[in-house]
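Worksheet: one structure, shown below.
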Amino acid sequence: MSPARDETTPNVLLAHHLKQLKLPTMLREYDKVARECAQGGLDHPRYLLRLVELELIDRERRLVERRIRAARFPAVKSLDTFDFAAIPSLNKMLVLELARCGYILGRENVIALGNSGTGKTHIALALGLAACQKGFPVTFITAASLVNQLLEARDERRLLRLQRELAGVKLLIVDELGYVPLSSTGAELLFEVFSQRYERGSTVVTSNLPFEDWTSVLGSERLTGALLDRLTHHVSILSLNGDSYRLKASRSRRGRLGAAEQNQASADPHDPETGEIPPA
């Protein structure tokens with residue numbers, strides 16, 4: 001057996017075994033880490049420890065990415081990009097505490113109330129991202145979409161399966177409750193989802209309506225009272241009152257464009273209609 005074959009065969013077998021064991025990071029890094037450890041004079045246990053640590057770190061990263069994809073967030077947002085100073089009514093310390101995900105372990109709920117465009121969805125997405133990073137399965141969905149899925153599942157005789165799936169999610173985020181009035185059947189199906197999750201899983205709800213106006217969406221004072229009774233039994237309520245982020249951004253853009261046009265007009269001596277330079 002030639003020396004080249006002696007050197008090549010172990011590497012081929014090692015690559016094969018690492019693939020079979022589904023250890024892609026160790027497969028990718030073992031040679032580089034071996035050289036680094038040899039240069040640093042580290043022994044075999046420390047070399048193996050470093051390899052295993054890299055595999056674990058990369059595996060956790062892939063798991064987090066998988067949970068984020070499964071959550072179906074419309075966008076990935078964190079608290080780092082949220083402007084707390086723009087919404088002084090929001091309890092920042094409470095939000096940061098919620099991001100530690102203790103409420104999920106306690107099977108408690110979060111309700112974010114406020115005007116349209118004040119960042120309720122951003123907060124809900126950030127809490128969902130934090131939950132994914134902590135290892136909790138998350139599902140994000142708007143209230144209207146959830147009701148539509150429930151109605152379709154009922155018509156297709158798979159409602160029980162969908163209800164079991166929703167009940168089993170550690171964190172369910174229901175966004176924009178209150179933007180679209182619900183049919184009586186839709187409201188009852190939505191209530192059933194919240195009822196099945198009561199003290200079994202955590203739910204985050206965002207709404208542009210105060211609690212006293214939820215009847216206009218659900219269509220029944222009795223149903224609204226029963227739903228609020230379950231949602232608010234163990235709950236943290238976030239108040240987001242202030243001007244719309246989107247409205248302020250739009251005004252800011254219009255202001256910048258107007259200023260730019262004025263500057264351009266003052267810098268250009270040509271008449272805007274004739275294209276000629278007017279006489280002094």
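We label chains A, B, ... in the order they appear in the structure tokens, count residues from 1 in each chain, and number ligands from 1 in the order shown.
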
Exercise: Asp229 of chain A partners within 12 Å, only C-alpha atoms, chain neighbours under 2 positions left out, as a count of residues only: 18

Strand (DSSP E or B) positions in segment 40-217 of chain A, given as number ranges by chain: A: 109-114, 138-142, 171-177, 202-207

Selection near segment 155-159 of chain A, 10 Å with only C-alpha atoms, sequence-local residues under 6 positions removed, as a ChimeraX atom specification: /A:149,165,189

If you keep C-alpha atoms, can you produce a file of those selected residues as a CSV table (one decimal), in the first residue's frame?
chain,number,residue,atom,x,y,z
A,149,GLN,CA,-57.8,29.1,7.5
A,165,GLU,CA,-51.7,22.1,15.6
A,189,LEU,CA,-63.8,29.6,15.7

Neighbour list for segment 84-94 of chain A as a ChimeraX atom specification, cut-off 10 Å, only C-alpha atoms, skip fewer than 6 positions in-chain: /A:112-114,118-119,236-245

Given the selection you just returned, output its residues as a file containing N, CA, C and O atoms, formatted as an mmCIF file, in the first residue's frame.
data_model
loop_
_atom_site.group_PDB
_atom_site.id
_atom_site.type_symbol
_atom_site.label_atom_id
_atom_site.label_comp_id
_atom_site.auth_asym_id
_atom_site.auth_seq_id
_atom_site.Cartn_x
_atom_site.Cartn_y
_atom_site.Cartn_z
ATOM 1 N N ALA A 112 -50.844 43.670 22.870
ATOM 2 C CA ALA A 112 -50.316 44.982 22.506
ATOM 3 C C ALA A 112 -51.441 45.793 21.874
ATOM 4 O O ALA A 112 -51.995 45.395 20.843
ATOM 5 N N LEU A 113 -51.780 46.926 22.496
ATOM 6 C CA LEU A 113 -52.869 47.775 22.036
ATOM 7 C C LEU A 113 -52.324 49.136 21.638
ATOM 8 O O LEU A 113 -51.450 49.687 22.313
ATOM 9 N N GLY A 114 -52.842 49.690 20.546
ATOM 10 C CA GLY A 114 -52.407 51.022 20.152
ATOM 11 C C GLY A 114 -52.875 51.394 18.769
ATOM 12 O O GLY A 114 -53.442 50.583 18.037
ATOM 13 N N THR A 118 -48.009 52.248 15.121
ATOM 14 C CA THR A 118 -47.187 52.613 16.284
ATOM 15 C C THR A 118 -46.166 51.545 16.659
ATOM 16 O O THR A 118 -45.430 51.720 17.624
ATOM 17 N N GLY A 119 -46.120 50.455 15.927
ATOM 18 C CA GLY A 119 -45.081 49.464 16.168
ATOM 19 C C GLY A 119 -45.534 48.203 16.869
ATOM 20 O O GLY A 119 -44.696 47.434 17.357
ATOM 21 N N SER A 236 -49.741 40.269 30.130
ATOM 22 C CA SER A 236 -49.013 41.536 30.183
ATOM 23 C C SER A 236 -49.571 42.402 29.062
ATOM 24 O O SER A 236 -49.623 41.969 27.900
ATOM 25 N N ILE A 237 -50.006 43.604 29.388
ATOM 26 C CA ILE A 237 -50.624 44.492 28.408
ATOM 27 C C ILE A 237 -49.632 45.602 28.054
ATOM 28 O O ILE A 237 -49.121 46.302 28.931
ATOM 29 N N LEU A 238 -49.366 45.739 26.768
ATOM 30 C CA LEU A 238 -48.456 46.764 26.261
ATOM 31 C C LEU A 238 -49.282 47.859 25.594
ATOM 32 O O LEU A 238 -50.092 47.580 24.706
ATOM 33 N N SER A 239 -49.077 49.084 26.030
ATOM 34 C CA SER A 239 -49.812 50.225 25.476
ATOM 35 C C SER A 239 -48.902 50.996 24.532
ATOM 36 O O SER A 239 -47.840 51.482 24.934
ATOM 37 N N LEU A 240 -49.312 51.103 23.269
ATOM 38 C CA LEU A 240 -48.532 51.844 22.277
ATOM 39 C C LEU A 240 -49.410 52.955 21.708
ATOM 40 O O LEU A 240 -50.160 52.754 20.749
ATOM 41 N N ASN A 241 -49.333 54.112 22.330
ATOM 42 C CA ASN A 241 -50.115 55.260 21.888
ATOM 43 C C ASN A 241 -49.178 56.342 21.398
ATOM 44 O O ASN A 241 -48.215 56.699 22.072
ATOM 45 N N GLY A 242 -49.461 56.854 20.214
ATOM 46 C CA GLY A 242 -48.609 57.894 19.641
ATOM 47 C C GLY A 242 -48.879 58.035 18.164
ATOM 48 O O GLY A 242 -49.813 57.442 17.613
ATOM 49 N N ASP A 243 -48.071 58.868 17.491
ATOM 50 C CA ASP A 243 -48.218 59.064 16.056
ATOM 51 C C ASP A 243 -47.713 57.850 15.291
ATOM 52 O O ASP A 243 -46.819 57.140 15.746
ATOM 53 N N SER A 244 -48.299 57.631 14.137
ATOM 54 C CA SER A 244 -47.918 56.509 13.291
ATOM 55 C C SER A 244 -46.490 56.677 12.793
ATOM 56 O O SER A 244 -46.106 57.740 12.301
ATOM 57 N N TYR A 245 -45.688 55.595 12.916
ATOM 58 C CA TYR A 245 -44.340 55.596 12.338
ATOM 59 C C TYR A 245 -44.413 55.865 10.834
ATOM 60 O O TYR A 245 -43.655 56.660 10.291
#

Backbone DSSP call of alpha helix (DSSP H) for segment 175-217 of chain A, listed as a list of chain:residue names: A:Ser184, A:Thr185, A:Gly186, A:Ala187, A:Glu188, A:Leu189, A:Leu190, A:Phe191, A:Glu192, A:Val193, A:Phe194, A:Ser195, A:Gln196, A:Arg197, A:Thr215, A:Ser216, A:Val217

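Separating atom CA of Ile57 of chain A from atom CA of Gly168 of chain A is a distance of 27.1 Å.
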
Pick from A:Leu23, A:Leu42, A:Val147, A:Ala130, whichever lies nearest to Leu56 of chain A using only C-alpha atoms: A:Leu23

Thr25 of chain A environment, 8 Å, only C-alpha atoms, sequence neighbours closer than 2 positions dropped, as a ChimeraX atom specification: /A:23,27-29,54-55,58

Selection: 10 Å around Arg164 of chain A, only C-alpha atoms, excl. self and same-chain fewer than 6 positions, as a list in words: Val193, Gln196 and Arg197 of chain A
